[in-house]
Amino acid sequence: MRSAGDDLISVSVADVRAAQRLATDLRESGDWIEAVAGVDSVVARFDIASVRRADAETRLLDTAANISEPPEISKMVVEIPVVYGGESGPDFDFVCEKLGLTGRELIDMHSGEYTVDMLGFTPGFAYIGGLDERLKIDRLPEPRQFVPAGSVGIAGGRSGLYSLPGPGGWPLIGRTSRKLFDATSDEPFTLFAGATVLFRGVDSS
Amino acid sequence: MTVIVQQSGLQTTIQSRPRTGLRHLGVPSSGPADPLSMALANRLVGNASFEPALETTLTGVTLAFEVESTISITGASARCSLNGQAVQQHATIAVVPGDVVSVGAAENGVRSYVAFAGGLLADTVLGSESTYLPAAFGGYKGRALAKGDDLTLAKPVADTPVAETPAEFRLPILHAWTIRAGTSCETTSLRHGEQLFDQKFTVASRSDRMGIKLDGKSFEIESDRQMPSVPLFPGTVQCPHDGSLYVMSVDSGTTGGYPRVAKITRMDLHLLGQLRPGNSLTLIERNDDDAARELQEKHAYWRVWLPDIADVI
């Protein structure tokens, strides 16, 4: 546990599932303004106008020592149809070359079922772990100014699903037509941490 | 009940309460980049601090009123006029149908705030009327105002008392800033990290509601910089590969993968909204205990004029 700033406490945890469980418990406790999970840490923000840091740290440790059981993960599978390569995946050929794979091999390795690690970055952007070890690749040296919504990137052993158009630094291998965020909907987020997704290759037609 | 936008300026948006408790879904806080100036504007016209108001960017805005109202203008210093006659910032302005109010280009600072007695009608999304431009939601159709847009006043308020911000509560808008900051999780990975503080940086042109780039000293990181994604908050200062500093602001992404080398203290976050490209900026160090104590002192000072100051900053 360490300070991440005057009103922030960061806690390191074993993995992304542990981070999600701790952050969820902290949010449900009502003691925190925000509690957000990262890949292997949780950062909680507290009201320094009314709570002493030492007391906040004690509360945080209490919650961490009594983590609730992981909730039953939804068995529902969210299917994500992906057009791989071409205009939909402008880095597809670069990724194949860099990883020494044929296009077919890349699609076969990437297609399949995964669990959403977390949402973050922008509303609804999904970090999805569990990629085949052979698909490990770095972020682009220079981020793109514009990435279309629905783009599917891979970096650091994860897939990243771009919910909004905007800048982005992940090599892009495909794009889905599935809407991932809709501000006008009663349920704006298509995905959530712990959800199961199925990437399935489809033709651009 | 409407106000027509005659000139929209560079980026004028409706802002209101920041969104909280949604960062785990990737939803940033948004809201006013300088919440203290917005609260001061709302205070003058008798509104709650986060009643929806306009936030301008560098170039101001011109509004034609088809309705009687009382308004106020605060924030970045700018020449303001009512039907071509100069009017003061930090004072109520009574308007009648046919009046045209102009907020000029910012002379110091970046963002002026225009508040309307009774507030503005705006789209509420995820619990707030604040505009979040990257996802195009909230405020006025999720976007910055454009010429010809019609704003609707939420409710007519008769006889708003004449008011002025007392001199001691007029936030000085400067061109050289001193901002209190503390260390963060990866500060120790910074070579010569002590040079973060008491050192002059220049606000770079690449600065907006997402974040502010600081030109000046470039830093080296004593690690491979391959960091897993971590939660970020407004005020977090990141140091990416190019060695420069980026200060996260109200619209910044909720997670990121660069070392967090400092954090602007909560009490001085509101100043980020007025940092103008070319301004000089010096960070001075505050440990967490002093930052909490000085925040409480700042609250005590401002509470006299803004009773809900602890919600604002």
# chains A, B, ... in the order shown; residues from 1 in each chain; ligands from 1
$ closest_atom_pairs --of "region 51-95 of chain B" --to "region 199-211 of chain B" --cutoff "12 Å" --atoms "only C-alpha atoms" --output "tab-separated table"
residue	atom	partner	partner_atom	distance
B:Glu55	CA	B:Arg209	CA	11.2
B:Thr56	CA	B:Arg209	CA	11.7
B:Thr57	CA	B:Asp208	CA	9.3
B:Leu58	CA	B:Asp208	CA	11.0
$ interface_residues --of "chain B" --to "chain A" --cutoff "8 Å" --atoms "only C-alpha atoms" --output "ChimeraX atom specification"
/B:20-28,125-126,134-135,137,182-185,228-231,236,253-256,260,262-266,287-289,291-292,295-296,310
$ write_last_selection --atoms "C-alpha atoms" --output "short mmCIF file (atom, residue, chain, number, x, y, z; two decimals), in the first residue's frame"
data_model
loop_
_atom_site.label_atom_id
_atom_site.label_comp_id
_atom_site.auth_asym_id
_atom_site.auth_seq_id
_atom_site.Cartn_x
_atom_site.Cartn_y
_atom_site.Cartn_z
CA THR B 20 -17.97 10.51 -9.80
CA GLY B 21 -18.03 6.79 -9.08
CA LEU B 22 -17.90 5.74 -12.75
CA ARG B 23 -14.16 5.67 -13.44
CA HIS B 24 -14.18 1.86 -13.21
CA LEU B 25 -16.36 1.90 -16.33
CA GLY B 26 -13.95 4.22 -18.11
CA VAL B 27 -16.07 7.34 -17.53
CA PRO B 28 -13.94 10.40 -16.67
CA VAL B 125 -26.11 11.48 -19.08
CA LEU B 126 -24.64 9.16 -16.45
CA PRO B 134 -14.71 12.52 -26.62
CA ALA B 135 -17.85 10.39 -26.24
CA PHE B 137 -22.60 13.08 -24.51
CA GLY B 182 3.12 15.70 -4.13
CA THR B 183 4.85 12.51 -5.12
CA SER B 184 3.03 9.50 -6.59
CA CYS B 185 3.59 5.76 -7.03
CA PRO B 228 0.68 -2.53 -16.68
CA SER B 229 -2.34 -0.23 -16.97
CA VAL B 230 -3.02 1.64 -13.74
CA PRO B 231 -5.89 3.90 -12.62
CA THR B 236 -1.90 12.72 -11.84
CA GLY B 253 -8.65 8.67 -19.59
CA THR B 254 -9.26 6.66 -16.44
CA THR B 255 -6.35 4.25 -16.93
CA GLY B 256 -2.92 4.54 -18.49
CA ARG B 260 2.98 8.37 -12.36
CA ALA B 262 3.61 13.36 -9.25
CA LYS B 263 0.08 14.41 -8.34
CA ILE B 264 -1.28 17.97 -8.20
CA THR B 265 -2.90 18.46 -4.80
CA ARG B 266 -6.70 18.49 -4.61
CA ASN B 287 3.55 16.02 1.60
CA ASP B 288 0.15 14.36 2.05
CA ASP B 289 -0.42 15.63 5.60
CA ALA B 291 -1.84 18.95 1.56
CA ALA B 292 -4.82 17.82 3.68
CA LEU B 295 -7.00 22.11 1.83
CA GLN B 296 -8.97 22.49 5.05
CA ALA B 310 -15.89 21.45 -0.03
#
$ atom_distance --atom1 "CA of Ile173 (chain A)" --atom2 "CA of Ala155 (chain A)"
10.7 Å
$ closest_residue --among "A:Leu140, A:Gly194, A:Thr63, A:Gly150" --to "Arg17 (chain A)" --atoms "only C-alpha atoms"
A:Gly194
$ residues_around --residues "Lys147 (chain B)" --least-positions-apart "5" --cutoff "6 Å" --atoms "only C-alpha atoms" --output "MDAnalysis selection string"
chainID B and resid 5:8
$ write_last_selection --atoms "N, CA and C atoms" --output "mmCIF file, in the first residue's frame"
data_model
loop_
_atom_site.group_PDB
_atom_site.id
_atom_site.type_symbol
_atom_site.label_atom_id
_atom_site.label_comp_id
_atom_site.auth_asym_id
_atom_site.auth_seq_id
_atom_site.Cartn_x
_atom_site.Cartn_y
_atom_site.Cartn_z
ATOM 1 N N VAL B 5 -26.940 31.462 -29.772
ATOM 2 C CA VAL B 5 -25.486 31.592 -29.867
ATOM 3 C C VAL B 5 -25.154 32.321 -31.169
ATOM 4 N N GLN B 6 -24.636 33.546 -31.063
ATOM 5 C CA GLN B 6 -24.273 34.297 -32.271
ATOM 6 C C GLN B 6 -22.856 33.971 -32.730
ATOM 7 N N GLN B 7 -21.951 33.852 -31.750
ATOM 8 C CA GLN B 7 -20.586 33.402 -32.058
ATOM 9 C C GLN B 7 -20.221 32.383 -31.004
ATOM 10 N N SER B 8 -19.763 31.210 -31.462
ATOM 11 C CA SER B 8 -19.589 30.103 -30.514
ATOM 12 C C SER B 8 -18.219 30.105 -29.849
#
